[in-house]
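Peer 1: To start, I am sharing the structure in question, which I have written as structure tokens.
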Amino acid sequence: MTFTAAHSRSLRSRPGVAALALAATTALLAGCSSSDDTSDPLAEKAEGDTVVVGSNNFAESILIADIYGEALKAKGVKVSYKPNIGSRETTYGLLKNGSITVLPEYNGSLLAYLDAKAEQKTAAAVNATAKAKLDSKLTLLDSAPAEDKDSVSINADTAKKHSLTSQSTLADLKDIAPQLAIGGSPEFQTRQQGLVGLESVYGLKFKSFKALDAGGPLTQAALTKNTVQAADIFTTDPTIVKEKFIVLQDPKNLFGFANVTPLVYKSGLSQEGVAALNEVSAKLDTKSLLDMDSQVQLENKDPLDVAQAWLKSVGLN
């Protein structure tokens, strides 16, 4: 199964986040430079044994960076942050030159960036292939169970009507799909990781398809208002909690893999640091990440506070 580059998690900026990130980065650059200084502060390496934790320019990446960074601090590691940097094209280069030591990644999305044609049959195989294709100065640590990927989700009314729960799978839609309208990006209609695969892998034939956006506000609103009864929603989208959507399980991995996985600059992280990050990944599941995303994006809590509270709750503070 091929996980296309179009599904790269770094392209899924939530409304307004990219603009905020651009403003933050612009302010950082303006505040750290003068008319006589043409250096890029983002490319400056940290002094001494400081571990630099970076993040891409969307809310969840910033939150996970705080989780990993604060876990390192709890072990006595010196940490500095470079948040809101930008897309994978930028952060990967900064990792290679050692300007960033740790970056939260998504294993399948990273592999698609490194090799768009690489197959993704198991999470372990994804990680092994990605490691082999990384720059020699970089490596991946253990993946978390937490994933942020495409899903077919249904609204609360549909779930109640058809007795579907969070334990239900896509296969459970086979008999009722002809009664349901499904929504998603225009591309979702023609992709294997979309209607094509839903039919070939799970035998699902929906009543109709409504072209909306890629898991964004149009899709969320249509599912909430029952304009569609099923939709492509990302698995850690806070709307799932707010609107009580049901994410259907995908046991055949039609939607590939998007496990949270630390990407690191090998010589910049001690074995103690590696162990600390692997401890975090072992405890970070999708439910916990969805809950924390909701606190940050719906309740406007500081991601650093949310990260510290979660680490304390799992004994890693």
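The chains in the structure tokens are called A, B, ... from first to last as shown; in each chain the residues are counted from 1, and the ligands are counted from 1 in the order shown.
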Identify, on the basis of only C-alpha atoms, every residue whose closest approach to Val152 (chain A) does not exceed 10 Å; exclude the query and any residue fewer than 6 positions from it along the same chain; express the result as a list in words.
Peer 2: Thr169, Leu170, Ile182, Gly183, Gly184, Gly194, Leu198, Ala230, Ala231, Asp232, Ile233, Phe234, Thr235, Ile246, Val247, Leu248, Gln249, Asp250 and Phe255 of chain A
Peer 1: Using the selection just defined, write its residues with N, CA, C and O atoms as an mmCIF file, in the first residue's frame.
Peer 2:
```
data_model
loop_
_atom_site.group_PDB
_atom_site.id
_atom_site.type_symbol
_atom_site.label_atom_id
_atom_site.label_comp_id
_atom_site.auth_asym_id
_atom_site.auth_seq_id
_atom_site.Cartn_x
_atom_site.Cartn_y
_atom_site.Cartn_z
ATOM 1 N N THR A 169 -16.039 -1.109 13.193
ATOM 2 C CA THR A 169 -15.053 -0.998 12.124
ATOM 3 C C THR A 169 -15.713 -0.556 10.829
ATOM 4 O O THR A 169 -16.949 -0.527 10.702
ATOM 5 N N LEU A 170 -14.876 -0.248 9.862
ATOM 6 C CA LEU A 170 -15.387 0.131 8.545
ATOM 7 C C LEU A 170 -16.227 -0.991 7.940
ATOM 8 O O LEU A 170 -17.191 -0.734 7.219
ATOM 9 N N ILE A 182 -21.305 10.499 2.027
ATOM 10 C CA ILE A 182 -19.984 10.666 2.616
ATOM 11 C C ILE A 182 -19.317 11.904 2.032
ATOM 12 O O ILE A 182 -19.494 12.224 0.858
ATOM 13 N N GLY A 183 -18.551 12.610 2.856
ATOM 14 C CA GLY A 183 -17.899 13.837 2.408
ATOM 15 C C GLY A 183 -16.401 13.798 2.616
ATOM 16 O O GLY A 183 -15.891 13.049 3.465
ATOM 17 N N GLY A 184 -15.690 14.591 1.857
ATOM 18 C CA GLY A 184 -14.241 14.694 1.969
ATOM 19 C C GLY A 184 -13.699 15.596 0.890
ATOM 20 O O GLY A 184 -14.463 16.248 0.161
ATOM 21 N N GLY A 194 -9.291 6.368 -0.073
ATOM 22 C CA GLY A 194 -10.516 7.127 -0.193
ATOM 23 C C GLY A 194 -11.618 6.178 -0.643
ATOM 24 O O GLY A 194 -11.635 5.010 -0.257
ATOM 25 N N LEU A 198 -12.095 2.132 -0.055
ATOM 26 C CA LEU A 198 -13.217 1.743 0.796
ATOM 27 C C LEU A 198 -14.081 0.688 0.111
ATOM 28 O O LEU A 198 -14.600 -0.224 0.768
ATOM 29 N N ALA A 230 -21.226 10.506 6.949
ATOM 30 C CA ALA A 230 -19.870 9.996 7.147
ATOM 31 C C ALA A 230 -18.910 10.951 6.453
ATOM 32 O O ALA A 230 -19.277 11.627 5.484
ATOM 33 N N ALA A 231 -17.671 11.019 6.953
ATOM 34 C CA ALA A 231 -16.728 11.960 6.369
ATOM 35 C C ALA A 231 -15.296 11.578 6.705
ATOM 36 O O ALA A 231 -15.034 10.841 7.660
ATOM 37 N N ASP A 232 -14.362 12.092 5.902
ATOM 38 C CA ASP A 232 -12.934 11.923 6.152
ATOM 39 C C ASP A 232 -12.514 12.967 7.181
ATOM 40 O O ASP A 232 -12.419 14.160 6.876
ATOM 41 N N ILE A 233 -12.266 12.510 8.404
ATOM 42 C CA ILE A 233 -11.860 13.382 9.505
ATOM 43 C C ILE A 233 -10.548 12.844 10.070
ATOM 44 O O ILE A 233 -10.390 11.636 10.252
ATOM 45 N N PHE A 234 -9.596 13.722 10.380
ATOM 46 C CA PHE A 234 -8.330 13.279 10.954
ATOM 47 C C PHE A 234 -8.545 12.811 12.392
ATOM 48 O O PHE A 234 -9.326 13.397 13.147
ATOM 49 N N THR A 235 -7.829 11.764 12.783
ATOM 50 C CA THR A 235 -8.159 11.040 14.008
ATOM 51 C C THR A 235 -7.907 11.802 15.310
ATOM 52 O O THR A 235 -8.378 11.382 16.367
ATOM 53 N N ILE A 246 -18.007 9.554 15.838
ATOM 54 C CA ILE A 246 -17.477 8.215 16.065
ATOM 55 C C ILE A 246 -16.477 7.897 14.957
ATOM 56 O O ILE A 246 -16.834 7.908 13.772
ATOM 57 N N VAL A 247 -15.225 7.637 15.346
ATOM 58 C CA VAL A 247 -14.190 7.254 14.391
ATOM 59 C C VAL A 247 -14.238 5.741 14.219
ATOM 60 O O VAL A 247 -14.059 4.997 15.184
ATOM 61 N N LEU A 248 -14.480 5.281 13.007
ATOM 62 C CA LEU A 248 -14.573 3.847 12.762
ATOM 63 C C LEU A 248 -13.183 3.238 12.625
ATOM 64 O O LEU A 248 -12.301 3.811 11.987
ATOM 65 N N GLN A 249 -12.981 2.095 13.250
ATOM 66 C CA GLN A 249 -11.688 1.419 13.220
ATOM 67 C C GLN A 249 -11.364 0.925 11.804
ATOM 68 O O GLN A 249 -12.264 0.578 11.034
ATOM 69 N N ASP A 250 -10.075 0.901 11.500
ATOM 70 C CA ASP A 250 -9.579 0.527 10.162
ATOM 71 C C ASP A 250 -8.614 -0.656 10.303
ATOM 72 O O ASP A 250 -7.407 -0.509 10.168
ATOM 73 N N PHE A 255 -5.859 3.334 5.520
ATOM 74 C CA PHE A 255 -5.357 4.704 5.591
ATOM 75 C C PHE A 255 -3.895 4.797 6.032
ATOM 76 O O PHE A 255 -3.409 5.868 6.394
#
```
Peer 1: Which residues are close to Val102 (chain A), i.e. within 7 Å by only C-alpha atoms, leaving aside same-chain residues fewer than 5 positions away? Reply as a PyMOL selection string.
Peer 2: chain A and resi 52-54+262-265
Peer 1: If we count only C-alpha atoms, what is near Thr227 (chain A) at a cut-off of 9 Å, once residues fewer than 3 positions away on the same chain are taken out, given as a list of chain:residue names?
Peer 2: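 That gives A:Ala181, A:Ile182, A:Gly183, A:Lys210, A:Ala221, A:Ala222, A:Leu223, A:Thr224.
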Peer 1: Hey, what does DSSP flag as helix (DSSP H, G or I) within region 236-271 of chain A? Can you give it to me as a list in words?
Peer 2: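 Filtering region 236-271 of chain A to helix (DSSP H, G or I) leaves Thr239, Ile240, Val241, Lys242, Glu243, Lys266, Ser267, Gly268 and Gln271 of chain A.
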Peer 1: Running DSSP on the backbone, which parts of region 10-259 of chain A land in strand (DSSP E), as an NGL selection string?
Peer 2: :A and (51-54 or 79-82 or 102-106 or 138-140 or 152-154 or 181-184 or 208-211 or 230-232 or 246-247)
Peer 1: Let me see the file: selected residues, N, CA and C atoms, as an mmCIF file, in the first residue's frame.
Peer 2:
```cif
data_model
loop_
_atom_site.group_PDB
_atom_site.id
_atom_site.type_symbol
_atom_site.label_atom_id
_atom_site.label_comp_id
_atom_site.auth_asym_id
_atom_site.auth_seq_id
_atom_site.Cartn_x
_atom_site.Cartn_y
_atom_site.Cartn_z
ATOM 1 N N VAL A 51 19.763 20.317 24.128
ATOM 2 C CA VAL A 51 18.966 19.625 23.118
ATOM 3 C C VAL A 51 17.913 20.601 22.587
ATOM 4 N N VAL A 52 17.888 20.775 21.278
ATOM 5 C CA VAL A 52 16.951 21.703 20.654
ATOM 6 C C VAL A 52 15.758 20.909 20.118
ATOM 7 N N VAL A 53 14.584 21.212 20.660
ATOM 8 C CA VAL A 53 13.361 20.536 20.231
ATOM 9 C C VAL A 53 12.591 21.471 19.310
ATOM 10 N N GLY A 54 12.368 21.042 18.085
ATOM 11 C CA GLY A 54 11.663 21.864 17.110
ATOM 12 C C GLY A 54 10.264 21.349 16.845
ATOM 13 N N VAL A 79 17.248 21.855 27.635
ATOM 14 C CA VAL A 79 16.385 21.896 26.454
ATOM 15 C C VAL A 79 16.090 23.334 26.055
ATOM 16 N N SER A 80 16.100 23.582 24.760
ATOM 17 C CA SER A 80 15.573 24.832 24.222
ATOM 18 C C SER A 80 14.596 24.476 23.106
ATOM 19 N N TYR A 81 13.682 25.403 22.810
ATOM 20 C CA TYR A 81 12.641 25.132 21.819
ATOM 21 C C TYR A 81 12.775 26.050 20.599
ATOM 22 N N LYS A 82 12.469 25.487 19.435
ATOM 23 C CA LYS A 82 12.316 26.264 18.205
ATOM 24 C C LYS A 82 10.961 25.876 17.607
ATOM 25 N N VAL A 102 15.681 17.291 18.061
ATOM 26 C CA VAL A 102 14.502 16.431 18.138
ATOM 27 C C VAL A 102 13.336 17.111 17.435
ATOM 28 N N LEU A 103 12.592 16.344 16.645
ATOM 29 C CA LEU A 103 11.393 16.858 15.981
ATOM 30 C C LEU A 103 10.301 15.794 16.022
ATOM 31 N N PRO A 104 9.082 16.131 16.471
ATOM 32 C CA PRO A 104 7.985 15.166 16.383
ATOM 33 C C PRO A 104 7.647 14.914 14.919
ATOM 34 N N GLU A 105 7.621 13.648 14.535
ATOM 35 C CA GLU A 105 7.262 13.287 13.168
ATOM 36 C C GLU A 105 6.114 12.284 13.176
ATOM 37 N N TYR A 106 5.640 11.960 11.981
ATOM 38 C CA TYR A 106 4.613 10.948 11.765
ATOM 39 C C TYR A 106 5.213 9.955 10.784
ATOM 40 N N LEU A 138 20.801 11.078 11.011
ATOM 41 C CA LEU A 138 19.490 11.082 11.660
ATOM 42 C C LEU A 138 18.999 9.668 11.929
ATOM 43 N N THR A 139 18.085 9.558 12.873
ATOM 44 C CA THR A 139 17.430 8.274 13.121
ATOM 45 C C THR A 139 16.041 8.516 13.701
ATOM 46 N N LEU A 140 15.216 7.484 13.655
ATOM 47 C CA LEU A 140 13.903 7.498 14.287
ATOM 48 C C LEU A 140 13.969 6.714 15.587
ATOM 49 N N VAL A 152 -12.676 7.386 8.416
ATOM 50 C CA VAL A 152 -14.087 7.595 8.133
ATOM 51 C C VAL A 152 -14.769 7.708 9.481
ATOM 52 N N SER A 153 -15.343 8.881 9.729
ATOM 53 C CA SER A 153 -16.054 9.134 10.975
ATOM 54 C C SER A 153 -17.515 9.400 10.666
ATOM 55 N N ILE A 154 -18.373 9.053 11.607
ATOM 56 C CA ILE A 154 -19.811 9.276 11.444
ATOM 57 C C ILE A 154 -20.303 10.173 12.565
ATOM 58 N N ALA A 181 -24.554 9.424 2.829
ATOM 59 C CA ALA A 181 -23.724 10.329 2.033
ATOM 60 C C ALA A 181 -22.400 10.498 2.757
ATOM 61 N N ILE A 182 -21.305 10.499 2.027
ATOM 62 C CA ILE A 182 -19.984 10.666 2.616
ATOM 63 C C ILE A 182 -19.317 11.904 2.032
ATOM 64 N N GLY A 183 -18.551 12.610 2.856
ATOM 65 C CA GLY A 183 -17.899 13.837 2.408
ATOM 66 C C GLY A 183 -16.401 13.798 2.616
ATOM 67 N N GLY A 184 -15.690 14.591 1.857
ATOM 68 C CA GLY A 184 -14.241 14.694 1.969
ATOM 69 C C GLY A 184 -13.699 15.596 0.890
ATOM 70 N N SER A 208 -23.948 8.570 -1.888
ATOM 71 C CA SER A 208 -23.437 9.711 -2.655
ATOM 72 C C SER A 208 -22.166 10.239 -2.019
ATOM 73 N N PHE A 209 -21.447 11.053 -2.781
ATOM 74 C CA PHE A 209 -20.233 11.698 -2.283
ATOM 75 C C PHE A 209 -20.378 13.201 -2.424
ATOM 76 N N LYS A 210 -19.985 13.936 -1.391
ATOM 77 C CA LYS A 210 -20.024 15.404 -1.437
ATOM 78 C C LYS A 210 -18.604 15.929 -1.319
ATOM 79 N N ALA A 211 -18.149 16.656 -2.347
ATOM 80 C CA ALA A 211 -16.800 17.226 -2.341
ATOM 81 C C ALA A 211 -16.758 18.426 -1.403
ATOM 82 N N ALA A 230 -21.226 10.506 6.949
ATOM 83 C CA ALA A 230 -19.870 9.996 7.147
ATOM 84 C C ALA A 230 -18.910 10.951 6.453
ATOM 85 N N ALA A 231 -17.671 11.019 6.953
ATOM 86 C CA ALA A 231 -16.728 11.960 6.369
ATOM 87 C C ALA A 231 -15.296 11.578 6.705
ATOM 88 N N ASP A 232 -14.362 12.092 5.902
ATOM 89 C CA ASP A 232 -12.934 11.923 6.152
ATOM 90 C C ASP A 232 -12.514 12.967 7.181
ATOM 91 N N ILE A 246 -18.007 9.554 15.838
ATOM 92 C CA ILE A 246 -17.477 8.215 16.065
ATOM 93 C C ILE A 246 -16.477 7.897 14.957
ATOM 94 N N VAL A 247 -15.225 7.637 15.346
ATOM 95 C CA VAL A 247 -14.190 7.254 14.391
ATOM 96 C C VAL A 247 -14.238 5.741 14.219
#
```
Peer 1: Hey, which of A:Ser267, A:Glu70, A:Glu272, A:Ala59 ends up closest to Lys312 (chain A)? Count only C-alpha atoms.
Peer 2: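 Nearest candidate to Lys312 (chain A) out of A:Ser267, A:Glu70, A:Glu272, A:Ala59: A:Glu70.
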Peer 1: Find the residues around Tyr202 (chain A) up to 10 Å (only C-alpha atoms counted), leave out those fewer than 5 positions away in its own chain, and share them as a list in words.
Peer 2: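 Neighbouring residues, sequence-local ones excluded: Thr169, Leu170, Ala171, Asp172, Leu173, Lys174, Val196, Gly197, Asp250, Lys252 and Leu254 of chain A.
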Peer 1: What separation in Å, quoted to one decimal, exists between CA of Leu304 (chain A) and CA of Asp66 (chain A)?
Peer 2: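 Value for the CA of Leu304 (chain A)-CA of Asp66 (chain A) distance: 5.7 Å.
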Peer 1: Restricting the calculation to only C-alpha atoms, which member of A:Lys96, A:Pro217, A:Leu289, A:Val260 is positioned closest to Ala123 (chain A)?
Peer 2: A:Val260
Peer 1: CA of Lys287 (chain A) and CA of Ala146 (chain A) are how many Å apart?
Peer 2: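 Between these atoms lies a distance of 7.5 Å.
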Peer 1: Please, what distance in Å, to one decimal, runs between CA of Thr50 (chain A) and CA of Thr261 (chain A)?
Peer 2: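 Taking CA of Thr50 (chain A) as the start and CA of Thr261 (chain A) as the end point, the length is 20.6 Å.
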